[in-house]
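Structure file structure39.txt with compact mmCIF, C-alpha atoms:
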# COMPACT_ATOMS: atom_id res chain seq x y z
CA MET A 1 -45.91 -35.36 152.76
CA SER A 2 -49.04 -37.07 151.49
CA ALA A 3 -49.31 -40.85 151.52
CA ASP A 4 -49.92 -40.77 147.76
CA LEU A 5 -46.65 -38.96 147.08
CA GLU A 6 -44.80 -41.41 149.31
CA HIS A 7 -46.35 -44.25 147.30
CA ILE A 8 -45.17 -42.61 144.06
CA ARG A 9 -41.63 -42.37 145.45
CA GLN A 10 -41.75 -45.98 146.65
CA VAL A 11 -42.79 -47.17 143.19
CA MET A 12 -39.61 -45.63 141.76
CA ARG A 13 -37.39 -47.01 144.55
CA GLU A 14 -38.69 -50.53 143.93
CA ALA A 15 -38.99 -50.39 140.12
CA ASP A 16 -36.98 -52.60 137.82
CA CYS A 17 -34.91 -50.68 135.26
CA LEU A 18 -35.56 -52.33 131.90
CA TYR A 19 -33.51 -49.83 129.86
CA ASN A 20 -31.14 -47.19 131.21
CA GLU A 21 -30.76 -43.70 129.78
CA ALA A 22 -27.86 -44.61 127.47
CA GLU A 23 -29.80 -47.54 126.00
CA VAL A 24 -32.89 -45.41 125.41
CA GLU A 25 -30.90 -42.57 123.85
CA ALA A 26 -29.13 -45.04 121.52
CA ALA A 27 -32.51 -46.46 120.46
CA ILE A 28 -33.85 -42.96 119.75
CA ALA A 29 -30.78 -42.17 117.62
CA LYS A 30 -31.27 -45.41 115.67
CA VAL A 31 -34.94 -44.60 115.00
CA GLY A 32 -33.86 -41.14 113.87
CA GLU A 33 -31.40 -42.64 111.37
CA GLN A 34 -34.09 -44.93 109.94
CA ILE A 35 -36.58 -42.07 109.59
CA CYS A 36 -33.95 -39.86 107.92
CA LYS A 37 -33.31 -42.54 105.30
CA ASP A 38 -37.02 -42.91 104.54
CA LEU A 39 -38.46 -39.39 104.90
CA HIS A 40 -35.59 -36.93 104.26
CA ASP A 41 -37.05 -35.79 100.95
CA LYS A 42 -40.78 -36.09 101.77
CA ASN A 43 -41.48 -32.80 103.61
CA PRO A 44 -43.38 -34.67 106.33
CA VAL A 45 -45.64 -33.39 109.06
CA VAL A 46 -44.47 -34.91 112.35
CA PHE A 47 -47.13 -35.17 115.02
CA CYS A 48 -46.37 -35.78 118.67
CA VAL A 49 -49.17 -37.62 120.46
CA MET A 50 -49.60 -35.84 123.79
CA ASN A 51 -48.80 -36.34 126.60
CA GLY A 52 -46.92 -39.61 126.40
CA GLY A 53 -45.06 -38.89 123.17
CA LEU A 54 -43.66 -35.55 124.36
CA ILE A 55 -40.20 -36.65 125.52
CA PHE A 56 -39.63 -39.19 122.74
CA ALA A 57 -40.76 -36.72 120.07
CA GLY A 58 -38.61 -33.91 121.45
CA LYS A 59 -35.50 -36.06 121.51
CA LEU A 60 -36.28 -37.70 118.17
CA LEU A 61 -36.76 -34.37 116.37
CA THR A 62 -33.14 -33.40 117.09
CA HIS A 63 -32.05 -36.43 115.03
CA LEU A 64 -34.21 -35.52 112.02
CA GLN A 65 -31.93 -33.19 110.11
CA PHE A 66 -34.17 -32.38 107.16
CA PRO A 67 -37.09 -30.01 106.50
CA LEU A 68 -40.27 -31.00 108.32
CA GLU A 69 -43.23 -29.44 110.09
CA ALA A 70 -43.68 -30.38 113.73
CA SER A 71 -47.00 -30.26 115.51
CA TYR A 72 -48.97 -32.16 118.10
CA LEU A 73 -52.29 -33.79 118.67
CA HIS A 74 -54.00 -35.00 121.80
CA ALA A 75 -56.50 -37.80 121.51
CA THR A 76 -57.73 -40.41 123.94
CA ARG A 77 -60.15 -43.28 124.04
CA TYR A 78 -60.38 -43.34 127.83
CA ARG A 79 -61.79 -39.96 128.96
CA ASN A 80 -61.20 -40.77 132.64
CA GLN A 81 -62.51 -44.30 132.24
CA THR A 82 -60.58 -47.53 132.64
CA SER A 83 -61.60 -48.94 129.28
CA GLY A 84 -61.51 -47.30 125.89
CA GLY A 85 -64.37 -46.07 123.78
CA GLU A 86 -64.58 -43.77 120.77
CA LEU A 87 -61.65 -41.52 119.96
CA PHE A 88 -62.02 -38.19 121.76
CA TRP A 89 -59.94 -35.24 120.56
CA LYS A 90 -58.53 -33.02 123.29
CA ALA A 91 -56.57 -31.11 120.63
CA LYS A 92 -57.05 -31.81 116.93
CA PRO A 93 -54.16 -31.31 114.53
CA GLU A 94 -54.02 -27.82 113.08
CA VAL A 95 -51.81 -28.63 110.08
CA SER A 96 -53.37 -29.94 106.87
CA PHE A 97 -52.72 -33.60 106.00
CA ILE A 98 -53.85 -33.28 102.39
CA ASP A 99 -51.31 -34.94 100.09
CA ARG A 100 -48.66 -34.93 102.86
CA ASP A 101 -46.53 -37.65 104.37
CA VAL A 102 -47.35 -37.88 108.05
CA LEU A 103 -45.27 -39.29 110.91
CA VAL A 104 -47.15 -39.94 114.17
CA VAL A 105 -44.81 -40.16 117.19
CA ASP A 106 -46.03 -41.81 120.39
CA ASP A 107 -44.50 -43.29 123.51
CA ILE A 108 -45.75 -46.88 123.37
CA LEU A 109 -47.54 -49.38 121.21
CA ASP A 110 -49.44 -51.42 123.78
CA GLU A 111 -52.76 -52.66 122.41
CA GLY A 112 -52.74 -49.88 119.82
CA HIS A 113 -56.41 -48.88 119.64
CA THR A 114 -55.67 -45.14 119.94
CA LEU A 115 -52.71 -45.22 117.55
CA SER A 116 -54.80 -47.15 114.98
CA ALA A 117 -57.61 -44.60 115.25
CA ILE A 118 -55.17 -41.69 114.82
CA ILE A 119 -53.60 -43.32 111.75
CA GLU A 120 -57.06 -43.89 110.22
CA PHE A 121 -57.98 -40.26 110.97
CA CYS A 122 -54.85 -39.07 109.13
CA LYS A 123 -55.60 -41.26 106.11
CA HIS A 124 -59.21 -40.05 105.95
CA ALA A 125 -57.96 -36.45 106.23
CA GLY A 126 -56.06 -36.90 102.97
CA ALA A 127 -52.54 -37.92 104.00
CA ARG A 128 -50.48 -39.41 101.16
CA SER A 129 -48.83 -41.82 103.61
CA VAL A 130 -48.91 -42.31 107.37
CA HIS A 131 -45.95 -43.64 109.33
CA SER A 132 -45.74 -44.25 113.06
CA ALA A 133 -42.80 -44.18 115.45
CA VAL A 134 -42.98 -45.51 119.00
CA LEU A 135 -40.31 -45.63 121.65
CA ILE A 136 -41.61 -48.91 123.10
CA ASP A 137 -43.46 -51.83 121.54
CA LYS A 138 -44.91 -53.98 124.29
CA ASP A 139 -44.51 -57.68 123.57
CA HIS A 140 -47.88 -59.44 123.84
CA ASP A 141 -50.64 -60.76 121.60
CA ARG A 142 -53.41 -58.32 122.57
CA LYS A 143 -52.85 -55.82 119.74
CA ALA A 144 -55.93 -54.10 118.29
CA SER A 145 -55.33 -56.15 115.15
CA PRO A 146 -52.85 -59.00 114.60
CA ASP A 147 -50.98 -57.08 111.88
CA LEU A 148 -50.65 -53.81 113.83
CA LYS A 149 -47.04 -52.69 113.84
CA ALA A 150 -45.34 -49.33 114.12
CA SER A 151 -43.22 -48.21 111.17
CA TYR A 152 -40.35 -47.42 113.55
CA VAL A 153 -39.72 -48.96 116.98
CA GLY A 154 -37.05 -47.95 119.46
CA LEU A 155 -37.22 -50.83 121.92
CA SER A 156 -39.46 -53.74 122.79
CA CYS A 157 -40.33 -54.73 126.31
CA VAL A 158 -42.04 -57.39 128.33
CA ASP A 159 -45.72 -57.11 129.15
CA ARG A 160 -45.44 -55.17 132.40
CA TYR A 161 -46.62 -51.78 133.65
CA ILE A 162 -43.84 -49.44 132.57
CA PHE A 163 -43.02 -45.77 133.01
CA GLY A 164 -40.35 -43.22 132.11
CA TYR A 165 -39.42 -41.24 128.98
CA GLY A 166 -42.97 -39.94 128.66
CA MET A 167 -44.89 -42.93 130.00
CA ASP A 168 -46.43 -42.36 133.39
CA TYR A 169 -47.39 -44.13 136.57
CA LYS A 170 -50.59 -42.46 137.87
CA GLY A 171 -49.54 -39.18 136.25
CA TYR A 172 -45.99 -39.29 137.65
CA TRP A 173 -42.52 -40.31 136.47
CA ARG A 174 -42.92 -39.32 132.81
CA ASN A 175 -39.62 -37.54 133.54
CA ALA A 176 -37.77 -40.71 134.64
CA ASN A 177 -34.54 -41.05 132.65
CA GLY A 178 -34.94 -44.72 131.78
CA ILE A 179 -37.67 -47.27 131.14
CA PHE A 180 -38.83 -48.78 134.41
CA ALA A 181 -41.31 -51.52 135.30
CA VAL A 182 -43.45 -51.32 138.42
CA LYS A 183 -42.53 -54.04 140.88
CA GLY A 184 -44.96 -56.92 140.65
CA MET A 185 -46.81 -55.47 137.64
For the file at hand, write its structure as structure tokens.
Amino acid sequence: MSADLEHIRQVMREADCLYNEAEVEAAIAKVGEQICKDLHDKNPVVFCVMNGGLIFAGKLLTHLQFPLEASYLHATRYRNQTSGGELFWKAKPEVSFIDRDVLVVDDILDEGHTLSAIIEFCKHAGARSVHSAVLIDKDHDRKASPDLKASYVGLSCVDRYIFGYGMDYKGYWRNANGIFAVKGM
């Protein structure tokens, strides 16, 4: 067993569980109810932001019992760097936004630079309206802009390094069935 894999396992053993599976699933159901009320008659395009939004989007879609188109996009500002730059598309959306209501689904609203850039891209591509849904809204005052808020939020959390339900720790634990915080971070 490599030392790195042992470290990854140790991170999980020592992590603090912020929200267990039942709490996360209840939050996803609540977000689904809110979206159904607002978008049930809008024929929206729902975009999952890869890779982090994968689990949240998959679970959320089962709560959206109305006609919609589901797709994905993959954009980053990091490109293997530790600080963000321009938006780089790994996979651009293949569905037209023109005169459509768009729902962007992502795992977390941390500082929000990438989510803001994706929303602006959708607006410039002709979307009638752009909504955003995040599983986690991290509680701090470092948002890309002071008024940046997601349209739909599952849970809020303290300003710690978190993983689970799509969010990763060094590429691992996206599959964790709760929201966990790394010990000491």
Subject >> From A:Val130, A:Ala91, A:Val158, A:Leu64, residue lying nearest Asp110 of chain A [all atoms listed in the file] >> reply: A:Val158
Original post:
With all atoms listed in the file as the basis for distance, which of A:Val24, A:Leu103, A:Leu18, A:Ile55 is at the shortest distance from Cys157 of chain A?
Top reply: A:Leu18
Subject >> Nearest candidate to Asp147 of chain A (options A:Gly126, A:Gly112, A:Gly178, A:Pro93; using only C-alpha atoms) >> reply: A:Gly112
**OP:** Might you pull out every residue within 10 Å of His124 of chain A, with all atoms listed in the file counted and same-chain residues fewer than 6 positions away left off, and present them as number ranges by chain?
**Re:** A: 97-98, 118
Subject >> Counting only C-alpha atoms, the residue of A:Ala150, A:Leu115, A:Leu68, A:Cys122 that sits nearest Lys92 of chain A >> reply: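 Using only C-alpha atoms, the shortest distance to Lys92 of chain A belongs to A:Cys122.
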**OP:** Could you please determine the separation between atom CA of Glu111 of chain A and atom CA of Glu86 of chain A in Å, to one decimal place?
**Re:**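 Between these atoms lies a distance of 14.9 Å.
Take atom CA of Phe180 of chain A and atom CA of Ile136 of chain A: the distance between them is 11.6 Å.
The coordinates place atom CA of His7 of chain A at 28.8 Å from atom CA of Ala57 of chain A.
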Give, as JSON, the centre coordinates and the x, y and z edge lengths in Å to one decimal for an axis-aligned box around all listed atoms of segment 104-111 of chain A, padded by 5 Å on each side.
{"center_x": -48.6, "center_y": -46.3, "center_z": 119.0, "size_x": 18.3, "size_y": 22.7, "size_z": 19.6}
Original post:
Looking at all atoms listed in the file, which of A:Thr114, A:Gln65, A:Gln10, A:Thr76 is the one that sits closest to Ala144 of chain A?
Top reply: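 Closest to Ala144 of chain A, using all atoms listed in the file: A:Thr114.
With all atoms listed in the file as the atoms that count, the residue of A:Leu87, A:His63, A:Glu14, A:Val95 with the shortest distance to Glu120 of chain A is A:Leu87.
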(-40.0, -41.6, 100.9) in this file's frame - what residues fall within 12 Å of it? Use only C-alpha atoms and give the answer as an mmCIF file with C-alpha atoms, in the frame of the given file.
data_model
loop_
_atom_site.group_PDB
_atom_site.id
_atom_site.type_symbol
_atom_site.label_atom_id
_atom_site.label_comp_id
_atom_site.auth_asym_id
_atom_site.auth_seq_id
_atom_site.Cartn_x
_atom_site.Cartn_y
_atom_site.Cartn_z
ATOM 1 C CA GLN A 34 -34.090 -44.930 109.940
ATOM 2 C CA ILE A 35 -36.580 -42.070 109.590
ATOM 3 C CA CYS A 36 -33.950 -39.860 107.920
ATOM 4 C CA LYS A 37 -33.310 -42.540 105.300
ATOM 5 C CA ASP A 38 -37.020 -42.910 104.540
ATOM 6 C CA LEU A 39 -38.460 -39.390 104.900
ATOM 7 C CA HIS A 40 -35.590 -36.930 104.260
ATOM 8 C CA ASP A 41 -37.050 -35.790 100.950
ATOM 9 C CA LYS A 42 -40.780 -36.090 101.770
ATOM 10 C CA ASN A 43 -41.480 -32.800 103.610
ATOM 11 C CA PRO A 44 -43.380 -34.670 106.330
ATOM 12 C CA ARG A 100 -48.660 -34.930 102.860
ATOM 13 C CA ASP A 101 -46.530 -37.650 104.370
ATOM 14 C CA VAL A 102 -47.350 -37.880 108.050
ATOM 15 C CA LEU A 103 -45.270 -39.290 110.910
ATOM 16 C CA ARG A 128 -50.480 -39.410 101.160
ATOM 17 C CA SER A 129 -48.830 -41.820 103.610
ATOM 18 C CA VAL A 130 -48.910 -42.310 107.370
ATOM 19 C CA HIS A 131 -45.950 -43.640 109.330
#
